[in-house]
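Colleague: I have a structure here, written as structure tokens, and I will follow up with some questions on it.
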Amino acid sequence: MIINIRSSGPKETMKIGENIAASLTSGAVIVLTGPLGCGKTVLTKGIARGLHIFDEITSPSFTIISSYTGDRQLFHIDLYRINHPEEFDELGLEEILNSSLYLNAVSVIEWGEKAKGILPEETITINFKIDSGKHRTINIAGNIAGLKS
Ligand SMILES: Nc1ncnc2c1ncn2[C@@H]1O[C@H](COP(=O)(O)OP(=O)(O)OP(=O)(O)O)[C@@H](O)[C@H]1O
Ligand SMILES: [Mg+2]
């Protein structure tokens with residue numbers, strides 16, 4: 001399934017995130033791709049809101065992995081600073097992705113294309129294109145039951 005959605009501002013991107021959250025199944029892995037400042041963290045904030053997580057979501061570019069709890073657990077991961085596949089082992093990334101199903105968790109991975117080798121087959125990929133100013137084209141590839149364009 002491939003869906004293209006246009007966003008004309010951060011609030012719309014948050015709303016798209018909320019809608020995605022409502023359609024996710026346990027263990028879902030979502031990879032967010034696209035240039036710096038395209039809205040990956042904003043979308044993650046929307047997903048968190050949709051999961052009824054009330055903590056403030058901050059960009060995990062330094063901590064690499066953050067975990068929050070709402071209706072489900074959310075792992076928010078940012079691989080921007082990760083440059084070598086061996087670092088995935090140190091992070092325990094594969095273990096997190098493998099345990100997500102039984103933890104009733106979902107994982108959202110910014111710059112997740114870097115982890116291609118260890119991503120599950122059912123990974124949902126969401127790519128952002130900056131069209132101009134506040135306009136983004138958001139392309140969703142993968143199975144999200146019930147999500148409407
Ligand atoms: N349509 C839009 N959707 C999302 N963010 C938007 C949009 N228009 C403008 N913005 C702005 O773009 C910025 C997006 O920042 P954000 O931290 O989400 O980017 P990012 O993709 O996570 O970047 P990075 O790769 O550095 O982590 C915010 O300042 C936000 O206000
Ligand atoms: Mg970010």
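All residue names refer to the structure tokens as shown: chains lettered A, B, ... in order, residues numbered from 1 in each chain, ligands numbered from 1 in order.
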Sorted by chain and rising residue number, list the residues of chain A at most 12 Å from ligand 1 (counting only C-alpha atoms and all ligand atoms), each with its closest atom pair and distance in Å to one decimal, as a tab-separated table.
Modeller:
residue	atom	partner	partner_atom_place_in_ligand_line	distance
A:Ile5	CA	ligand 1	1 (N)	10.6
A:Arg6	CA	ligand 1	1 (N)	8.1
A:Ser7	CA	ligand 1	1 (N)	4.7
A:Ser8	CA	ligand 1	1 (N)	4.5
A:Gly9	CA	ligand 1	1 (N)	3.3
A:Pro10	CA	ligand 1	3 (N)	3.8
A:Lys11	CA	ligand 1	3 (N)	7.1
A:Glu12	CA	ligand 1	1 (N)	6.5
A:Thr13	CA	ligand 1	3 (N)	4.7
A:Met14	CA	ligand 1	4 (C)	7.5
A:Lys15	CA	ligand 1	3 (N)	9.9
A:Ile16	CA	ligand 1	3 (N)	9.6
A:Gly17	CA	ligand 1	4 (C)	10.3
A:Val31	CA	ligand 1	21 (O)	11.7
A:Leu32	CA	ligand 1	21 (O)	8.2
A:Thr33	CA	ligand 1	21 (O)	7.8
A:Gly34	CA	ligand 1	21 (O)	6.6
A:Pro35	CA	ligand 1	25 (O)	5.8
A:Leu36	CA	ligand 1	25 (O)	3.5
A:Gly37	CA	ligand 1	19 (O)	3.3
A:Cys38	CA	ligand 1	21 (O)	4.0
A:Gly39	CA	ligand 1	18 (O)	3.2
A:Lys40	CA	ligand 1	21 (O)	3.7
A:Thr41	CA	ligand 1	18 (O)	3.7
A:Val42	CA	ligand 1	18 (O)	3.9
A:Leu43	CA	ligand 1	18 (O)	6.6
A:Thr44	CA	ligand 1	18 (O)	7.9
A:Lys45	CA	ligand 1	18 (O)	8.5
A:Gly46	CA	ligand 1	4 (C)	10.2
A:Ile57	CA	ligand 1	17 (O)	10.6
A:Thr58	CA	ligand 1	17 (O)	8.8
A:Ser59	CA	ligand 1	27 (O)	6.5
A:Pro60	CA	ligand 1	27 (O)	8.1
A:Ser61	CA	ligand 1	27 (O)	6.9
A:Phe62	CA	ligand 1	27 (O)	10.6
A:Ile64	CA	ligand 1	27 (O)	10.9
A:His76	CA	ligand 1	22 (O)	11.1
A:Ile77	CA	ligand 1	27 (O)	10.2
A:Asp78	CA	ligand 1	27 (O)	7.3
A:Leu79	CA	ligand 1	27 (O)	9.2
A:Tyr80	CA	ligand 1	25 (O)	7.0
A:Arg81	CA	ligand 1	25 (O)	10.2
A:Val108	CA	ligand 1	22 (O)	11.4
A:Ile109	CA	ligand 1	27 (O)	10.2
A:Glu110	CA	ligand 1	27 (O)	6.8
A:Trp111	CA	ligand 1	25 (O)	7.2
A:Gly112	CA	ligand 1	25 (O)	10.8
A:Ile126	CA	ligand 1	21 (O)	11.2
A:Asn127	CA	ligand 1	21 (O)	9.9
A:Phe128	CA	ligand 1	21 (O)	8.0
A:Lys129	CA	ligand 1	1 (N)	9.8
A:Ile130	CA	ligand 1	1 (N)	8.2
A:Asp131	CA	ligand 1	1 (N)	9.3
A:Ser132	CA	ligand 1	8 (N)	8.8
A:Gly133	CA	ligand 1	8 (N)	6.6
A:Lys134	CA	ligand 1	8 (N)	3.4
A:His135	CA	ligand 1	1 (N)	5.0
A:Arg136	CA	ligand 1	1 (N)	5.1
A:Thr137	CA	ligand 1	1 (N)	8.3
A:Ile138	CA	ligand 1	3 (N)	9.1
Colleague: Hey, what's within 10 Å of A:Leu93 if we count only C-alpha atoms and toss same-chain stuff fewer than 6 positions away? As a list in words, please?
Modeller: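 Here the qualifying residues turn out to be Ile65, Ile77, Glu87, Ser99, Ala115, Ile118 and Leu119 of chain A.
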Colleague: With C-alpha atoms retained, write the just-selected residues as a compact mmCIF listing (two decimals), in the first residue's frame.
Modeller:
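Dumped to part_8.txt:
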# COMPACT_ATOMS: atom_id res chain seq x y z
CA ILE A 65 16.73 5.91 21.86
CA ILE A 77 14.95 6.29 17.81
CA GLU A 87 26.80 0.59 16.63
CA SER A 99 10.77 -7.53 21.48
CA ALA A 115 19.38 0.17 9.72
CA ILE A 118 17.92 -5.37 10.58
CA LEU A 119 14.50 -3.92 9.80
Colleague: What is the distance, in Å and to one decimal place, between atom CA of A:Ile30 and atom CA of A:Ile47?
Modeller: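 Pair atom CA of A:Ile30 / atom CA of A:Ile47 returns 10.6 Å.
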Colleague: Can you check which residues of stretch 38-144 of chain A DSSP gives as alpha helix (DSSP H) on the backbone and send them as a CSV table (one decimal) with C-alpha atoms, in the first residue's frame?
Modeller:
chain,number,residue,atom,x,y,z
A,40,LYS,CA,10.2,13.6,11.2
A,41,THR,CA,10.2,14.6,14.8
A,42,VAL,CA,6.9,16.6,14.4
A,43,LEU,CA,5.2,13.5,12.9
A,44,THR,CA,6.6,11.4,15.9
A,45,LYS,CA,5.0,13.9,18.3
A,46,GLY,CA,1.7,13.4,16.5
A,47,ILE,CA,2.1,9.6,16.8
A,48,ALA,CA,2.8,10.0,20.5
A,49,ARG,CA,-0.3,12.2,21.0
A,50,GLY,CA,-2.3,9.5,19.2
A,86,GLU,CA,28.4,-2.3,14.7
A,87,GLU,CA,26.8,0.6,16.6
A,88,PHE,CA,23.4,-1.0,16.2
A,89,ASP,CA,24.6,-4.0,18.3
A,90,GLU,CA,25.8,-1.6,21.0
A,91,LEU,CA,22.4,0.1,21.0
A,93,LEU,CA,18.4,-2.0,18.3
A,94,GLU,CA,17.6,-5.4,16.9
A,95,GLU,CA,16.5,-6.6,20.4
A,96,ILE,CA,14.2,-3.7,20.7
A,97,LEU,CA,12.6,-4.3,17.3
A,98,ASN,CA,12.3,-8.0,18.0
A,99,SER,CA,10.8,-7.5,21.5
Colleague: Calculate how many Å separate atom CA of A:Ser107 from atom CA of A:His84, rounding to one decimal.
Modeller: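 Between atom CA of A:Ser107 and atom CA of A:His84 the gap works out to 20.3 Å.
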Colleague: Using 12 Å as the limit and counting only C-alpha atoms, can you tabulate each residue of stretch 20-43 of chain A that touches stretch 69-75 of chain A, with its shortest atom-to-atom distance in Å and the two atoms involved, as a Markdown table?
Modeller:
| residue | atom | partner | partner_atom | distance |
| --- | --- | --- | --- | --- |
| A:Ala21 | CA | A:Arg72 | CA | 9.8 |
| A:Ala22 | CA | A:Asp71 | CA | 10.2 |
| A:Leu24 | CA | A:Arg72 | CA | 10.1 |
| A:Thr25 | CA | A:Arg72 | CA | 9.8 |
| A:Ser26 | CA | A:Arg72 | CA | 8.0 |
| A:Gly27 | CA | A:Gln73 | CA | 9.7 |
| A:Ala28 | CA | A:Leu74 | CA | 10.0 |
| A:Val29 | CA | A:Phe75 | CA | 9.4 |
| A:Ile30 | CA | A:Phe75 | CA | 10.2 |
| A:Val31 | CA | A:Phe75 | CA | 11.7 |
Colleague: What is the distance, in Å and to one decimal place, between atom CA of A:Glu122 and atom CA of A:Asn143?
Modeller: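 Atom-to-atom, atom CA of A:Glu122 and atom CA of A:Asn143 are spaced 7.4 Å apart.
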